[in-house]
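Enquirer: This one is target_15.cif, mmCIF, C-alpha atoms.
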data_entry
#
loop_
_atom_site.label_atom_id
_atom_site.label_comp_id
_atom_site.auth_asym_id
_atom_site.auth_seq_id
_atom_site.Cartn_x
_atom_site.Cartn_y
_atom_site.Cartn_z
CA MET A 22 -84.19 -28.05 -133.60
CA THR A 23 -80.55 -27.76 -132.55
CA ARG A 24 -78.41 -30.79 -131.84
CA ARG A 25 -76.14 -30.34 -128.86
CA HIS A 26 -72.91 -32.23 -128.53
CA ARG A 27 -71.26 -32.53 -125.18
CA ILE A 28 -67.66 -31.34 -125.54
CA ALA A 29 -65.11 -33.91 -124.33
CA VAL A 30 -61.36 -34.39 -124.27
CA GLY A 31 -60.35 -36.03 -127.54
CA ASP A 32 -63.02 -34.33 -129.69
CA ARG A 33 -61.69 -32.90 -132.94
CA TYR A 34 -62.64 -29.51 -134.42
CA ALA A 35 -61.75 -27.27 -137.34
CA ARG A 36 -62.33 -23.55 -137.68
CA SER A 37 -65.07 -22.87 -140.17
CA ASP A 38 -62.88 -20.42 -142.09
CA THR A 39 -59.77 -22.67 -142.21
CA PRO A 40 -61.04 -26.26 -142.36
CA ARG A 41 -57.70 -27.78 -143.39
CA HIS A 42 -56.28 -27.21 -139.87
CA SER A 43 -57.66 -29.48 -137.19
CA TYR A 44 -57.51 -29.22 -133.42
CA VAL A 45 -58.14 -31.71 -130.64
CA VAL A 46 -59.60 -30.91 -127.20
CA VAL A 47 -56.83 -31.60 -124.67
CA ALA A 48 -58.48 -30.14 -121.55
CA LEU A 49 -61.69 -28.60 -120.29
CA VAL A 50 -61.38 -25.49 -118.12
CA ASP A 51 -64.23 -24.71 -115.74
CA LYS A 52 -63.42 -21.93 -113.27
CA PRO A 53 -66.07 -20.56 -110.91
CA GLY A 54 -67.53 -17.30 -112.16
CA HIS A 55 -66.35 -17.87 -115.76
CA PRO A 56 -68.01 -19.65 -118.68
CA PRO A 57 -66.56 -23.09 -119.51
CA HIS A 58 -63.70 -23.22 -122.00
CA ALA A 59 -61.83 -25.90 -123.91
CA ARG A 60 -58.09 -25.96 -124.55
CA LEU A 61 -57.43 -27.06 -128.13
CA GLN A 62 -54.12 -28.21 -129.57
CA ALA A 63 -53.33 -28.21 -133.28
CA GLU A 64 -53.06 -31.82 -134.47
CA ASP A 65 -50.23 -31.19 -136.91
CA GLY A 66 -48.55 -28.44 -134.91
CA THR A 67 -46.15 -28.19 -132.04
CA PRO A 68 -47.24 -28.54 -128.41
CA TYR A 69 -47.24 -24.73 -128.32
CA ASP A 70 -49.98 -24.47 -130.98
CA GLU A 71 -52.81 -24.21 -128.46
CA VAL A 72 -55.90 -22.04 -128.24
CA LEU A 73 -58.42 -21.51 -125.46
CA VAL A 74 -61.98 -21.36 -126.79
CA GLY A 75 -65.30 -20.92 -125.05
CA VAL A 76 -67.38 -24.08 -125.16
CA SER A 77 -70.28 -22.05 -126.55
CA ALA A 78 -68.07 -21.01 -129.51
CA LEU A 79 -67.39 -24.67 -130.33
CA THR A 80 -71.13 -25.25 -130.69
CA ASP A 81 -71.48 -22.32 -133.13
CA PRO A 82 -71.23 -23.73 -136.68
CA THR A 83 -70.25 -20.34 -138.10
CA ALA A 84 -67.06 -20.42 -135.99
CA TRP A 85 -66.13 -24.10 -135.52
CA ARG A 86 -67.21 -27.44 -136.87
CA ARG A 87 -66.83 -30.79 -135.20
CA LEU A 88 -64.90 -33.45 -137.09
CA ASP A 89 -65.98 -37.08 -136.87
#
Take the structure in the file and write it out as structure tokens.

Expert:
Amino acid sequence: MTRRHRIAVGDRYARSDTPRHSYVVVALVDKPGHPPHARLQAEDGTPYDEVLVGVSALTDPTAWRRLD
């Protein structure tokens, strides 16, 4: 059984392959006709260290893991 976590602004994530870098969700992007995405900003980076990631990718433990 899979646990689903609703993605929200303020959630923290790390890439599965580089767990020492953490990112925080700063915005959710939901445009008609496109899958939902989350804008992530590196916690220890500059304001320009942002990535746009599909919400479905954030729920894939082989790509991202949620930090508590």

Enquirer: From the set A:Ala63, A:Ile28, A:Leu79, A:Ala35, which residue has the shortest atom-to-atom contact distance to Leu49 (chain A), counting all atoms listed in the file?

Expert: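 Smallest separation from Leu49 (chain A) among the options: A:Ile28.
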
Enquirer: Out of A:Arg36, A:Arg27, A:Arg60, A:His42, which residue has the shortest atom-to-atom distance to Thr83 (chain A) when counting all atoms listed in the file?

Expert: A:Arg36

Enquirer: Once the PyMOL selection byres ((chain A and resi 47) around 8) is applied to the coordinates I shared, what remains selected? I want it as a PDB file with C-alpha atoms, keeping the file's coordinate frame.

Expert:
ATOM      1  CA  VAL A  30     -61.360 -34.390-124.270  1.00  0.00           C
ATOM      2  CA  GLY A  31     -60.350 -36.030-127.540  1.00  0.00           C
ATOM      3  CA  VAL A  45     -58.140 -31.710-130.640  1.00  0.00           C
ATOM      4  CA  VAL A  46     -59.600 -30.910-127.200  1.00  0.00           C
ATOM      5  CA  ALA A  48     -58.480 -30.140-121.550  1.00  0.00           C
ATOM      6  CA  LEU A  49     -61.690 -28.600-120.290  1.00  0.00           C
ATOM      7  CA  ALA A  59     -61.830 -25.900-123.910  1.00  0.00           C
ATOM      8  CA  ARG A  60     -58.090 -25.960-124.550  1.00  0.00           C
ATOM      9  CA  LEU A  61     -57.430 -27.060-128.130  1.00  0.00           C
ATOM     10  CA  GLN A  62     -54.120 -28.210-129.570  1.00  0.00           C
TER      11      GLN A  62
END

Enquirer: Residues picked by the PyMOL selection byres ((chain A and resi 75) around 7) here, as a PyMOL selection string?

Expert: chain A and resi 57-59+73-74+76-79

Enquirer: Work out how far CA of Asp70 (chain A) is from CA of Leu88 (chain A), in Å to one decimal.

Expert: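 Rounded to one decimal, the two atoms are 18.5 Å apart.
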
Enquirer: Region 43-46 of chain A, all listed atoms, 6 Å padding on each side: what axis-aligned box centre and edge lengths in Å to one decimal come out, as lines of an AutoDock Vina configuration file?

Expert:
center_x = -58.6
center_y = -30.5
center_z = -132.2
size_x = 14.1
size_y = 14.5
size_z = 22.0

Enquirer: From the list A:Ala29, A:Ala84, A:Tyr44, A:Tyr34, which residue is nearest Asp65 (chain A) when using only C-alpha atoms?

Expert: A:Tyr44

Enquirer: CA of Glu64 (chain A) to CA of Asp38 (chain A): how many Å, to one decimal?

Expert: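 Value for the CA of Glu64 (chain A)-CA of Asp38 (chain A) distance: 16.9 Å.
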
Enquirer: Using only C-alpha atoms, which of A:Tyr69, A:Ser37, A:Lys52, A:Ser43 sits nearest Asp81 (chain A)?

Expert: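 Of A:Tyr69, A:Ser37, A:Lys52, A:Ser43, the one nearest Asp81 (chain A) is A:Ser37, counting only C-alpha atoms.
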
Enquirer: What does the structure give for the distance between CA of Arg41 (chain A) and CA of Trp85 (chain A), in Å to one decimal?

Expert: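 Distance between the two atoms: 12.1 Å.
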
Enquirer: Check the smallest atom-to-atom distance from each of A:Val72, A:Gly54, A:Arg86, A:Thr80 to Thr39 (chain A) using all atoms listed in the file, then report the winner.

Expert: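 Looking only at the distances to Thr39 (chain A), the closest residue turns out to be A:Arg86.
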